[in-house]
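Report on the structure given below.
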Protein chains: 2
Amino acid sequence: MSAVTSGPTASTALPHLTGRAFQVYDTTLRDGAQQEGIALSVADKLAIAPLLDELGVGFIEGGWPGAVPKDTEFFKRAAKELDLRNAELAAFGATRKPGTRAHDDPQVRALLDSEAPVVALVAKSDLRHAERALRTTGQENLAMITDTVALLVREGRRVVVDAEHFFDGFRFDAAYARAAVLAAFEAGAEVVALCDTNGGMIPAWVAAIVQDVRAAVGPDAVLGMHAHNDSGCAVANTLAAVEAGCSHVQGTVNGYGERTGNADLLAVVANLELKYGLPVLAHDDERPGGLPELTRIAHAISEITNISPFARSPYVGASAFAHKAGLHASAIRVDPDLYQHIDPALIGNDMRMLVSDMAGRASIELKGRELGFDLSGRPEVLGRVTERVKDAEARGYTYEAADASFELLLVEEVEGRRPHYFRVESWRTIVERVGGRGTPATAEATVKLHAGGERMVSTGEGNGPVNALDHALRLALVGAYPELEPFELIDFKVRILDSMHGTDAVTRVLIEMTDGQASWSTVGVGPNLLEASWEALTDATIWGLRKHGVEPR
Amino acid sequence: MSAVTSGPTASTALPHLTGRAFQVYDTTLRDGAQQEGIALSVADKLAIAPLLDELGVGFIEGGWPGAVPKDTEFFKRAAKELDLRNAELAAFGATRKPGTRAHDDPQVRALLDSEAPVVALVAKSDLRHAERALRTTGQENLAMITDTVALLVREGRRVVVDAEHFFDGFRFDAAYARAAVLAAFEAGAEVVALCDTNGGMIPAWVAAIVQDVRAAVGPDAVLGMHAHNDSGCAVANTLAAVEAGCSHVQGTVNGYGERTGNADLLAVVANLELKYGLPVLAHDDERPGGLPELTRIAHAISEITNISPFARSPYVGASAFAHKAGLHASAIRVDPDLYQHIDPALIGNDMRMLVSDMAGRASIELKGRELGFDLSGRPEVLGRVTERVKDAEARGYTYEAADASFELLLVEEVEGRRPHYFRVESWRTIVERVGGRGTPATAEATVKLHAGGERMVSTGEGNGPVNALDHALRLALVGAYPELEPFELIDFKVRILDSMHGTDAVTRVLIEMTDGQASWSTVGVGPNLLEASWEALTDATIWGLRKHGVEPR
């Protein structure tokens with residue numbers, strides 16, 4: 001990174017933030033899950049939270065306990081199962097109902113019952129919403145804020161108030177919007193996050209309004225920003241709010257969220273750290289995460305949400321540092337820093353040349369070293385592996401989440417052949433339903449193969465064809481290789497590539513297998529998803545046997 | 001649109017632009033085509049240009065004649081074939097080579113030969129690029145700008161100079177960057193566009209630098225902005241530049257472009273017109289286009305580029321006005337304007353309600369109305385539908401991307417039974433591979449059902465089991481229902497729910513079917529992915545027959 005082109009300047013130094021702890025608040029699991037096409041299970045949320053923690057966010061908003069049964073369960077399991085180093089869990093909820101006591105409101109009680117140390121309370125700050133959506137008075141809405149915040153604070157919770165529709169409300173009735181913020185602080189809220197709920201703000205409006213609020217609440221109150229991207233300015237609106245006095249930012253990984261999405265928290269934190277020079281992510285020396293893991297974490301989370309990563313995403317996109325040959329191609333080779341706004345290594349991404357694929361060999365050499373294969377002195381092997389990887393990726397394979405498949409490919413090129421544990425003669429699956437709607441279908445698979453000097457024919461049943469294939473393969477092999485007894489298939493993912501082409505589409509299957517201690521992942525690709533599954537399944541079995549030091553029999 | 005929440009305020013009124021013609025400059029066909037995965041033919045470009053003209057941009061940059069043979073041909077054909085009402089065609093090219101005369105430079109001659117009335121000249125304004133990429137001196141680079149601009153102006157061309165790497169260059173050596181801009185204006189350039197070529201700027205930096213340049217060039221010079229989105233701020237950077245004194249904006253449709261893309265011109269013009277109240281698009285009374293056509297034009301262009309539209313795109317995205325939150329659903333019905341930053345009709349988009357596990361009776365009622373079912377007077381039906389949706393979603397169904405399945409569920413509750421086009425006796429799929437690794441597998445399916453008073457048994461083959469099932473089902477039904485002849489499966493998505501449980505996991509399948517005109521989506525869920533696929537497939541077939549007014553036979 002060149003300090004001259006990327007460092008902060010006087011105009012973006014932020015003296016008002018010096019010495020103030022900055023808060024990064026992630027709401028992927030709650031507001032991000034509002035995105036069309038995202039439906040997170042409890043297990044998904046439990047898998048995403050540690051990745052957010054590793055990134056170094058300060059808060060993870062997990063959901064709305066009480067209102068959403070899955071979220072109630074998430075908080076219950078999170079308390080037992082998660083070991084977060086950096087982040088506090090936050091439960092999202094609403095102020096009490098009009099005309100009740102906070103103490104008696106079951107929705108508020110559920111927030112306390114969740115035992116989350118932090119509670120984010122959504123509160124109306126637009127008078128029109130108080131009157132028309134809540135059908136109450138402005139005065140009662142302020143009392144709802146005061147009562148609910150005060151109760152939660154008395155019960156020992158840290159309270160973040162999300163002032164919903166704040167900016168639109170401020171433009172309609174500034175005095176009322178300010179009063180809502182002041183009521184929250186006076187009742188003991190630690191943070192008031194100003195929300196552009198409808199996402200239509202532009203940076204100039206945000207700056208003017210945040211400056212006004214900052215003056216009204218005084219220099220010590222912690223203001224936050226919660227932006228949506230409807231005008232295409234969510235990241236910039238968040239930066240404008242920070243410049244104008246906010247020291248708490250909310251957003252979601254990959255910008256997930258309802259409509260056009262929330263502010264992309266990854267772009268926000270990368271900008272704050274790399275453009276403003278503001279260290280906003282927590283660091284844990286024992287388990288370093290932070291910016292260098294940004295790209296990996298973004299992609300790992302999109303595997304869990306099963307939303308294809310957007311190639312053009314700032315910082316973490318697959319294309320973010322990809323240069324098409326042409327005007328700049330030769331110059332880039334000499335002076336890469338003149339052609340990229342930051343060094344992609346800072347956020348764990350890579351420069352890619354789209355025509356002259358130079359990055360290929362280097363990263364494959366690196367990956368090989370990571371797996372224990374030194375290819376530096378073997379340019380011909382490195383060349384062959386690079387060619388095969390390029391060819392496979394063009395056909396839809398990805399080795400990013402399939403180390404075991406990549407390692408088998410490496411072994412094949414380094415040792416001249418694939419490990420040969422068995423020879424498959426044929427396999428077949430039959431799935432059948434006899435009866436109408438509601439009758440369950442049955443699945444069975446038959447595998448014929450040669451292993452340990454014998455021909456084996458075995459049939460397995462399962463709740464689906466892949467499960468049946470797994471059972472049949474295991475049955476056929478376990479006589480010759482009892483070592484695979486503890487192997488278990490623990491994850492199975494399917495992605496349809498090139499989804500615009502309907503039934504001609506290519507299927508990519510990723511599976512994860514475990515021996516009870518370690519786990520490993522493989523990939524299979526093909527127009528037929530069972531064929532792709534079979535490829536991943538056999539690769540996983542072979543890799544596992546090899547890893548256990550089993551010799552082919 | 002509510003004037004209060006969306007209109008310009010004093011802080012964003014732009015007095016310096018009053019009375020100045022604003023220029024919207026589209027570079028989709030040149031810089032947009034640099035995007036990974038985009039390859040535009042001459043015919044593609046000839047199809048896109050009229051759409052840009054209809055939108056009302058002032059300039060269409062068509063390519064680099066001379067350097068790219070296809071672009072040479074484009075300008076030749078465009079002159080004859082295009083009937084543009086609003087836009088001028090611009091040819092992109094570079095300043096002359098160091099140490100030559102502009103007059104003798106074949107690249108410059110090709111620009112003249114293209115006969116484009118406007119020429120956009122890329123010129124170095126970062127001293128490091130002049131020295132290291134062009135291997136010349138700063139002085140000679142300025143002479144190259146002067147000579148080339150002067151020649152083109154003498155030959156009657158309007159000249160836009162793209163000051164490449166301007167912002168990085170300014171931060172490195174402001175005096176040199178200013179000198180490059182002044183040289184261009186002095187030689188007769190009509191516009192100098194300041195380029196954030198590496199895309200790493202943030203709005204505060206852009207504002208400060210444009211203000212400096214505005215002071216240096218005087219109030220009458222036309223400055224432009226060309227932004228890339230590497231920091232996620234391209235739209236906001238363009239707005240910041242306009243606020244600071246630019247009256248010419250460059251960008252691409254859908255934000256296409258190298259790496260993270262260019263500024264999304266659609267979001268830029270929508271913001272300028274709807275947030276700043278600045279009329280920037282040309283209007284032609286005979287062929288009205290402009291903002292109300294924004295969404296249609298965005299999607300039409302993505303059909304030509306063959307890049308799937310990004311659902312979360314500001315303004316034009318399929319999700320841009322889609323609401324999921326149960327929190328707001330009932331209130332949205334009463335006061336839609338309180339929940340959207342603009343009226344989507346202004347840009348030709350629509351509000352949509354998504355049915356999701358956060359949703360309650362209100363959003364289901366709203367969704368019913370959207371599909372033509374008035375449930376407001378039938379609380380018992382509404383209650384049953386809501387219960388069934390909640391129950392189904394708890395089992396893994398999702399209706400937000402499966403309108404047709406939701407409609408069948410509605411029909412069943414409203415009319416008391418499902419449309420009954422056929423009765424399935426059984427189905428079976430067999431996938432088999434005979435041979436080792438590399439041998440292709442075969443897939444076949446057999447369906448037995450009753451339709452049109454007959455028992456049908458049919459077998460279909462396919463490249464995978466779902467494809468085979470689709471073929472067999474169609475074959476069994478087409479005799480009784482020839483109306484389904486044009487139906488085609490165009491998308492197939494698989495999601496493994498609760499991915500922590502391996503092959504015991506529940507599978508959700510979403511499919512999309514078309515009749516050549518409209519398309520519709522259905523969902524199927526189950527532990528067996530073929531069973532889930534079958535459910536979605538039969539639902540899609542039934543919905544399509546019903547939509548075509550076919551009576552059960």
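Residue numbering restarts at 1 for every chain of the structure tokens, chains are lettered A, B, ... in their displayed order, and ligands are numbered from 1 as they appear.
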
Please, which residues in chain A fall within 6 Å of chain B when counting only C-alpha atoms, and what is the closest atom pair and distance in Å to one decimal for each, ordered by chain then residue number, as CSV?
residue,atom,partner,partner_atom,distance
A:Thr5,CA,B:Asp168,CA,5.5
A:Ser41,CA,B:Asp498,CA,5.9
A:Ala133,CA,B:Ala331,CA,5.3
A:Asp168,CA,B:Thr5,CA,5.5
A:Asn198,CA,B:His341,CA,5.3
A:Gly200,CA,B:His341,CA,4.8
A:Asp230,CA,B:Pro314,CA,5.0
A:Ser231,CA,B:Pro314,CA,5.7
A:Gly232,CA,B:Pro314,CA,5.4
A:Cys233,CA,B:Ala236,CA,5.6
A:Ala236,CA,B:Cys233,CA,5.6
A:Arg259,CA,B:Ala320,CA,4.3
A:Thr260,CA,B:Arg312,CA,4.1
A:Arg312,CA,B:Thr260,CA,4.1
A:Ser313,CA,B:Thr260,CA,5.9
A:Pro314,CA,B:Asp230,CA,5.0
A:Ser319,CA,B:Arg259,CA,4.8
A:Ala320,CA,B:Arg259,CA,4.3
A:Phe321,CA,B:Arg259,CA,5.6
A:Ala322,CA,B:Arg259,CA,5.4
A:Ala331,CA,B:Ala133,CA,5.6
A:Tyr339,CA,B:Asn198,CA,6.0
A:Gln340,CA,B:Asn198,CA,5.5
A:His341,CA,B:Gly200,CA,4.8
A:Val424,CA,B:Gly436,CA,5.2
A:Glu425,CA,B:Gly435,CA,5.0
A:Ser426,CA,B:Val434,CA,4.2
A:Trp427,CA,B:Arg433,CA,5.3
A:Arg428,CA,B:Glu432,CA,4.0
A:Thr429,CA,B:Val431,CA,5.2
A:Ile430,CA,B:Ile430,CA,4.6
A:Val431,CA,B:Thr429,CA,5.2
A:Glu432,CA,B:Arg428,CA,4.0
A:Arg433,CA,B:Ser426,CA,5.3
A:Val434,CA,B:Ser426,CA,4.2
A:Gly435,CA,B:Glu425,CA,5.0
A:Gly436,CA,B:Val424,CA,5.3
A:Asn463,CA,B:Asn528,CA,5.7
A:Gly464,CA,B:Asn528,CA,4.1
A:Asn467,CA,B:Thr503,CA,5.4
A:Leu489,CA,B:Gly502,CA,5.6
A:Ile490,CA,B:Gly502,CA,3.9
A:Asp491,CA,B:Gly502,CA,3.9
A:Phe492,CA,B:Gly502,CA,5.4
A:Ile496,CA,B:Lys493,CA,6.0
A:Ser499,CA,B:Asp491,CA,5.8
A:Gly502,CA,B:Ile490,CA,3.7
A:Asn528,CA,B:Gly464,CA,4.1

Exercise for the section: Extract the full set of strand (DSSP E or B) residues from segment 373-529 of chain A according to DSSP on the backbone, and format it as a ChimeraX atom specification. Expected result: /A:423-434,442-451,454-462,488-497,506-514,519-526

Exercise for the section: Using all C-alpha atoms matched in sequence order, least-squares fit chain B onto chain A and give the RMSD rounded to one decimal in Å. Expected result: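 Across the paired C-alpha atoms, the RMSD reaches 6.0 Å.
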
Practice task
May I ask which of the residues B:Arg388, B:Ser521, B:Leu14, B:Asp105 is the closest one to Leu272 of chain B, counting only C-alpha atoms?
Solution key: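 Under the stated criterion, the closest residue is B:Leu14.
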
Problem - Nearest residue to Val68 of chain A from the set A:Asp284, A:Ala102, A:Leu55, A:Arg30 (distances using only C-alpha atoms) - result: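 Smallest separation from Val68 of chain A among the options: A:Arg30.
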
Exercise for the section: Using DSSP on the backbone coordinates, identify the residues of segment 287-515 of chain B assigned to alpha helix (DSSP H); present them as a ChimeraX atom specification. Expected result: /B:294-305,326-334,361-370,379-394,403-415,465-477

Exercise for the section: Please provide the set of residues having any atom within 9 Å of Val550 of chain B, restricted to only C-alpha atoms, with same-chain residues fewer than 4 positions apart removed, written as number ranges by chain. Expected result: B: 481, 483, 544-546

Exercise for the section: Work out how far atom CA of Val523 of chain A is from atom CA of Ser458 of chain A, in Å to one decimal. Expected result: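 Spanning atom CA of Ser458 of chain A to atom CA of Val523 of chain A is a straight-line distance of 24.2 Å.
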
Completion exercise
A straight line from atom CA of His103 of chain B to atom CA of Ala143 of chain B spans 13.4 Å
